[in-house]
Amino acid sequence: MPKTLQNALHFNTFSKEDPAVLQAEGRSLARLLLVMSREMFWTEGERSMTTITTTAPVARKPLYTSLFVQVLAALVLGIVLGMAVPDFAIGLKIFSDAFLKLISMIVAPIVFCVVVHGIAGAGDLKKVGRVGVKALVYFETMTTVALIVGLLLAYLFGPGHGMNIDPSTLDAKALNTYADNAHKLKGGGIGSFLINIIPTTSFDALSRNDVLQVLFFAIIFGVSLALVGGEKGEKITSLIDAVSTVLFRAMGLIVRVAPLGVLGAVAYTVGQYGVGSLKQLVSLVALFYVSLAIFVLGVLGTVMALAGLNILKFISYLREELTIVLATASSDAVLPQIMRKLTRMGVKDSVVGLVIPTGYSFNLDAFSIYLTLAVVFIAQATNTPLSFGDLLLVLGVSLITSKGAHGVPGSAIVILAATLNAVPSIPAIGLVLVLSVDWFIGMARALGNLICNCVATVVVAAWEGDLDRDKARHVLDGDELVDVTAG
């Protein structure tokens, strides 16, 4: 027993009858209690200090467990296999097809749950409408800028000059593959596009994975759920939230096999087309990649800076998803992961649920750059002069036709054909010129469209005040780790 405590216990023996003694003993007790408190404080302090100094640092995961490293390794292995054993590499396409089907399996229900929960949870339906209007304004503005960028760079560098192609010598049979899909865009115009947004049945939209139709039904369902409110509304909202959690967990499991999907896609591409398959139209391919880089770093970089964030850090944050898109040439492959990452970055889920799915059809900036670039390229290659009126017509038509690109197989060629049909002076048969490199351009298109959609979501959220900037900066700086494979 400490000596101070013994002295304190001895205090009970003092005389209760002598006031002087009582006063002296009282002062002694106060001093003893002070000494005891100091002893206890320093003892606890030493314990705390010991605990702090012996705490082990958090162990970092091995590098090979990183999804980005795994995808990158699969990418390199795919190229090697495609060059070394092309016949075997072509057979690996089954991995890519299987991965894309696994993702497609959960895209529609995830979009439905996120949108419905976002609208019902927002409470204020006017706010939901306001976010939708702001998103559409942003989409149209950026699409117009992208179309102009493609047009200007095509004229500045002239990739088609000197080819001197005679349209009569081109093989029209090469376009037959896309004829079955042309009816989706041909002759119907904007009215047909708007009608196609409405699903035949809600289950039909979900079963066909038509993101725009699923979004349309989800908005109606979410608004109705918000209007119902009360106990019934809360029960359904809680159920949808629970289902969403399970779906994202399932997504985390599927994403773990992404390296196999990338391996299959890259091995097939290199094995089928060969590394030298870009030589024929390398100038067009190179110009498109440069144009996309200028648009992303210049235009979108400026927009992100206005929102208070860095575009390079943002791209680095999405590097795993972008690598998958680059390999598979499909932005659908990462839709669920992207929505999850943006939410965890500090963007409100109601904004993510509305902007991302809508942007898949309305915000195809990279595709818009390619559209005007390819039109001018074909005109230059076939020595077809374009008047200022023709250029304005190309821009106007492209603003409409680009909205139907997502979800149409061979959409780039089909929509390019629909655009050229509106400009009679350019021979539509010139599409044959870009067929051989469409896959390689398609990889960059998908990559660019995804980046543009993610930036759009952040910008609309910042515009609406639904972006936690401090959290976003912490996440982008790497201070807070986000792992979508955890569900």
# chains A, B, ... in the order shown; residues from 1 in each chain; ligands from 1
call {"tool": "closest_atom_pairs", "arguments": {"of": "range 320-364 of chain A", "to": "range 209-214 of chain A", "cutoff": "7 Å", "atoms": "only C-alpha atoms", "output": "CSV"}}
result
residue,atom,partner,partner_atom,distance
A:Pro357,CA,A:Val211,CA,6.4
A:Thr358,CA,A:Leu212,CA,6.6
A:Ser361,CA,A:Leu212,CA,7.0
call {"tool": "closest_residue", "arguments": {"among": "A:Gly222, A:Gly298, A:Gly229, A:Gly359", "to": "Val114 in chain A", "atoms": "only C-alpha atoms"}}
result
A:Gly222
call {"tool": "closest_residue", "arguments": {"among": "A:Leu156, A:Ala307, A:Ala329, A:Val434", "to": "Ala461 in chain A", "atoms": "only C-alpha atoms"}}
result
A:Ala307
call {"tool": "residues_around", "arguments": {"residues": "Val246 in chain A", "least_positions_apart": "3", "cutoff": "12 Å", "atoms": "only C-alpha atoms", "output": "list in words"}}
result
Ile106, Pro109, Ile110, Cys113, Leu239, Ile240, Asp241, Ala242, Val243, Arg249, Ala250, Met251, Gly252, Leu253, Ala486 and Gly487 of chain A
call {"tool": "write_last_selection", "arguments": {"atoms": "N, CA and C atoms", "output": "mmCIF file, in the first residue's frame"}}
result
data_model
loop_
_atom_site.group_PDB
_atom_site.id
_atom_site.type_symbol
_atom_site.label_atom_id
_atom_site.label_comp_id
_atom_site.auth_asym_id
_atom_site.auth_seq_id
_atom_site.Cartn_x
_atom_site.Cartn_y
_atom_site.Cartn_z
ATOM 1 N N ILE A 106 -25.585 -7.710 -62.874
ATOM 2 C CA ILE A 106 -25.977 -6.918 -61.705
ATOM 3 C C ILE A 106 -26.087 -5.422 -61.989
ATOM 4 N N PRO A 109 -30.080 -4.041 -61.753
ATOM 5 C CA PRO A 109 -30.629 -3.939 -60.392
ATOM 6 C C PRO A 109 -29.885 -2.939 -59.506
ATOM 7 N N ILE A 110 -28.571 -2.811 -59.705
ATOM 8 C CA ILE A 110 -27.822 -1.841 -58.903
ATOM 9 C C ILE A 110 -28.237 -0.419 -59.256
ATOM 10 N N CYS A 113 -31.698 0.214 -57.703
ATOM 11 C CA CYS A 113 -31.671 0.405 -56.248
ATOM 12 C C CYS A 113 -31.038 1.740 -55.853
ATOM 13 N N LEU A 239 -35.852 -1.787 -47.393
ATOM 14 C CA LEU A 239 -35.664 -3.036 -48.135
ATOM 15 C C LEU A 239 -34.745 -2.822 -49.335
ATOM 16 N N ILE A 240 -34.974 -1.748 -50.068
ATOM 17 C CA ILE A 240 -34.153 -1.447 -51.242
ATOM 18 C C ILE A 240 -32.713 -1.154 -50.834
ATOM 19 N N ASP A 241 -32.529 -0.466 -49.705
ATOM 20 C CA ASP A 241 -31.184 -0.181 -49.199
ATOM 21 C C ASP A 241 -30.464 -1.485 -48.854
ATOM 22 N N ALA A 242 -31.189 -2.413 -48.235
ATOM 23 C CA ALA A 242 -30.597 -3.701 -47.870
ATOM 24 C C ALA A 242 -30.215 -4.507 -49.124
ATOM 25 N N VAL A 243 -31.109 -4.510 -50.117
ATOM 26 C CA VAL A 243 -30.828 -5.214 -51.373
ATOM 27 C C VAL A 243 -29.609 -4.597 -52.066
ATOM 28 N N ARG A 249 -22.052 -6.002 -52.491
ATOM 29 C CA ARG A 249 -21.172 -7.054 -51.988
ATOM 30 C C ARG A 249 -20.896 -8.081 -53.090
ATOM 31 N N ALA A 250 -21.954 -8.401 -53.849
ATOM 32 C CA ALA A 250 -21.795 -9.319 -54.982
ATOM 33 C C ALA A 250 -20.861 -8.717 -56.028
ATOM 34 N N MET A 251 -20.985 -7.415 -56.227
ATOM 35 C CA MET A 251 -20.105 -6.726 -57.166
ATOM 36 C C MET A 251 -18.647 -6.853 -56.729
ATOM 37 N N GLY A 252 -18.415 -6.745 -55.422
ATOM 38 C CA GLY A 252 -17.055 -6.876 -54.902
ATOM 39 C C GLY A 252 -16.456 -8.236 -55.218
ATOM 40 N N LEU A 253 -17.296 -9.274 -55.177
ATOM 41 C CA LEU A 253 -16.819 -10.618 -55.516
ATOM 42 C C LEU A 253 -16.497 -10.726 -57.009
ATOM 43 N N ALA A 486 -14.436 -4.845 -51.235
ATOM 44 C CA ALA A 486 -14.965 -5.188 -49.910
ATOM 45 C C ALA A 486 -16.479 -5.099 -49.872
ATOM 46 N N GLY A 487 -17.068 -4.631 -50.960
ATOM 47 C CA GLY A 487 -18.537 -4.538 -51.032
ATOM 48 C C GLY A 487 -18.993 -3.221 -50.714
#
call {"tool": "residues_around", "arguments": {"residues": "His474 in chain A", "least_positions_apart": "4", "cutoff": "12 Å", "atoms": "only C-alpha atoms", "output": "PyMOL selection string"}}
result
chain A and resi 309-310+313-314+317+344-346+468-470+478-482
call {"tool": "write_last_selection", "arguments": {"atoms": "C-alpha atoms", "output": "short mmCIF file (atom, residue, chain, number, x, y, z; two decimals), in the first residue's frame"}}
result
data_model
loop_
_atom_site.label_atom_id
_atom_site.label_comp_id
_atom_site.auth_asym_id
_atom_site.auth_seq_id
_atom_site.Cartn_x
_atom_site.Cartn_y
_atom_site.Cartn_z
CA LEU A 309 -10.22 19.17 -57.14
CA ASN A 310 -7.28 17.91 -59.21
CA LYS A 313 -5.48 12.77 -58.72
CA PHE A 314 -9.06 11.98 -59.73
CA TYR A 317 -8.21 7.34 -57.91
CA ARG A 344 -17.38 6.95 -50.92
CA MET A 345 -15.45 9.92 -52.24
CA GLY A 346 -18.03 12.30 -50.80
CA ASP A 468 -18.06 16.89 -49.36
CA ARG A 469 -14.91 18.62 -50.62
CA ASP A 470 -12.82 17.90 -47.54
CA GLY A 478 -4.66 8.85 -50.48
CA ASP A 479 -5.32 9.64 -46.82
CA GLU A 480 -8.46 7.49 -46.88
CA LEU A 481 -8.36 4.18 -48.73
CA VAL A 482 -11.40 2.97 -50.69
#
call {"tool": "residues_around", "arguments": {"residues": "Val375 in chain A", "least_positions_apart": "5", "cutoff": "9 Å", "atoms": "only C-alpha atoms", "output": "PyMOL selection string"}}
result
chain A and resi 151+370+380+394+416+419-420+426+431
call {"tool": "write_last_selection", "arguments": {"atoms": "C-alpha atoms", "output": "PDB file, in the first residue's frame"}}
result
ATOM      1  CA  LEU A 151     -13.790  19.459 -85.574  1.00  0.00           C
ATOM      2  CA  TYR A 370     -14.665  10.871 -82.515  1.00  0.00           C
ATOM      3  CA  GLN A 380     -10.498  14.663 -96.365  1.00  0.00           C
ATOM      4  CA  VAL A 394     -22.598  17.970 -88.829  1.00  0.00           C
ATOM      5  CA  LEU A 416     -21.529   7.604 -87.909  1.00  0.00           C
ATOM      6  CA  THR A 419     -24.691  11.316 -89.235  1.00  0.00           C
ATOM      7  CA  LEU A 420     -23.267  10.985 -92.749  1.00  0.00           C
ATOM      8  CA  ILE A 426     -19.821  13.083 -97.826  1.00  0.00           C
ATOM      9  CA  LEU A 431     -17.058   4.369 -93.248  1.00  0.00           C
TER      10      LEU A 431
END
call {"tool": "atom_distance", "arguments": {"atom1": "CA of Ala226 in chain A", "atom2": "CA of Leu247 in chain A"}}
result
22.3 Å
call {"tool": "residues_around", "arguments": {"residues": "Val459 in chain A", "least_positions_apart": "3", "cutoff": "10 Å", "atoms": "only C-alpha atoms", "output": "PyMOL selection string"}}
result
chain A and resi 134-135+138+300+303-309+347+453-456+462-467
call {"tool": "residues_around", "arguments": {"residues": "Leu322 in chain A", "least_positions_apart": "4", "cutoff": "12 Å", "atoms": "only C-alpha atoms", "output": "VMD selection string"}}
result
chain A and resid 67 to 68 71 to 72 258 262 314 to 318 326 to 335 337 to 338 443 to 452 454
call {"tool": "write_last_selection", "arguments": {"atoms": "C-alpha atoms", "output": "short mmCIF file (atom, residue, chain, number, x, y, z; two decimals), in the first residue's frame"}}
result
data_model
loop_
_atom_site.label_atom_id
_atom_site.label_comp_id
_atom_site.auth_asym_id
_atom_site.auth_seq_id
_atom_site.Cartn_x
_atom_site.Cartn_y
_atom_site.Cartn_z
CA LEU A 67 -6.41 -5.02 -58.05
CA PHE A 68 -4.64 -2.42 -60.18
CA VAL A 71 -5.08 -5.96 -63.91
CA LEU A 72 -1.83 -4.43 -65.17
CA ALA A 258 -11.48 -8.60 -63.45
CA VAL A 262 -8.70 -8.13 -69.01
CA PHE A 314 -9.06 11.98 -59.73
CA ILE A 315 -7.89 9.81 -62.65
CA SER A 316 -5.39 8.09 -60.36
CA TYR A 317 -8.21 7.34 -57.91
CA LEU A 318 -10.12 5.58 -60.71
CA LEU A 326 -9.23 0.22 -71.58
CA ALA A 327 -8.80 -3.53 -71.92
CA THR A 328 -12.46 -4.48 -72.44
CA ALA A 329 -13.48 -1.38 -74.45
CA SER A 330 -16.67 -1.30 -72.38
CA SER A 331 -17.57 1.24 -69.71
CA ASP A 332 -20.46 -1.01 -68.61
CA ALA A 333 -17.84 -3.31 -67.09
CA VAL A 334 -17.23 -0.89 -64.20
CA LEU A 335 -20.55 0.94 -63.76
CA GLN A 337 -17.75 0.07 -59.00
CA ILE A 338 -17.70 3.66 -60.27
CA MET A 443 -11.00 1.50 -76.19
CA ALA A 444 -10.21 5.21 -75.90
CA ARG A 445 -13.87 6.15 -76.51
CA ALA A 446 -15.03 3.99 -73.60
CA LEU A 447 -12.22 5.30 -71.41
CA GLY A 448 -12.96 8.94 -72.24
CA ASN A 449 -16.72 8.57 -71.82
CA LEU A 450 -16.23 7.08 -68.36
CA ILE A 451 -13.90 9.87 -67.22
CA CYS A 452 -16.30 12.48 -68.59
CA CYS A 454 -17.36 10.76 -63.46
#
call {"tool": "select_by_dssp", "arguments": {"residues": "range 139-372 of chain A", "states": "alpha helix (DSSP H)", "output": "NGL selection string"}}
result
:A and (139-157 or 179-182 or 189-197 or 202-208 or 211-228 or 230-255 or 258-273 or 282-294 or 301-306 or 311-317 or 319-328 or 335-344 or 349-362 or 365-372)
call {"tool": "atom_distance", "arguments": {"atom1": "CA of Gly264 in chain A", "atom2": "CA of Phe440 in chain A"}}
result
15.6 Å
call {"tool": "atom_distance", "arguments": {"atom1": "CA of Val76 in chain A", "atom2": "CA of Gly271 in chain A"}}
result
13.3 Å
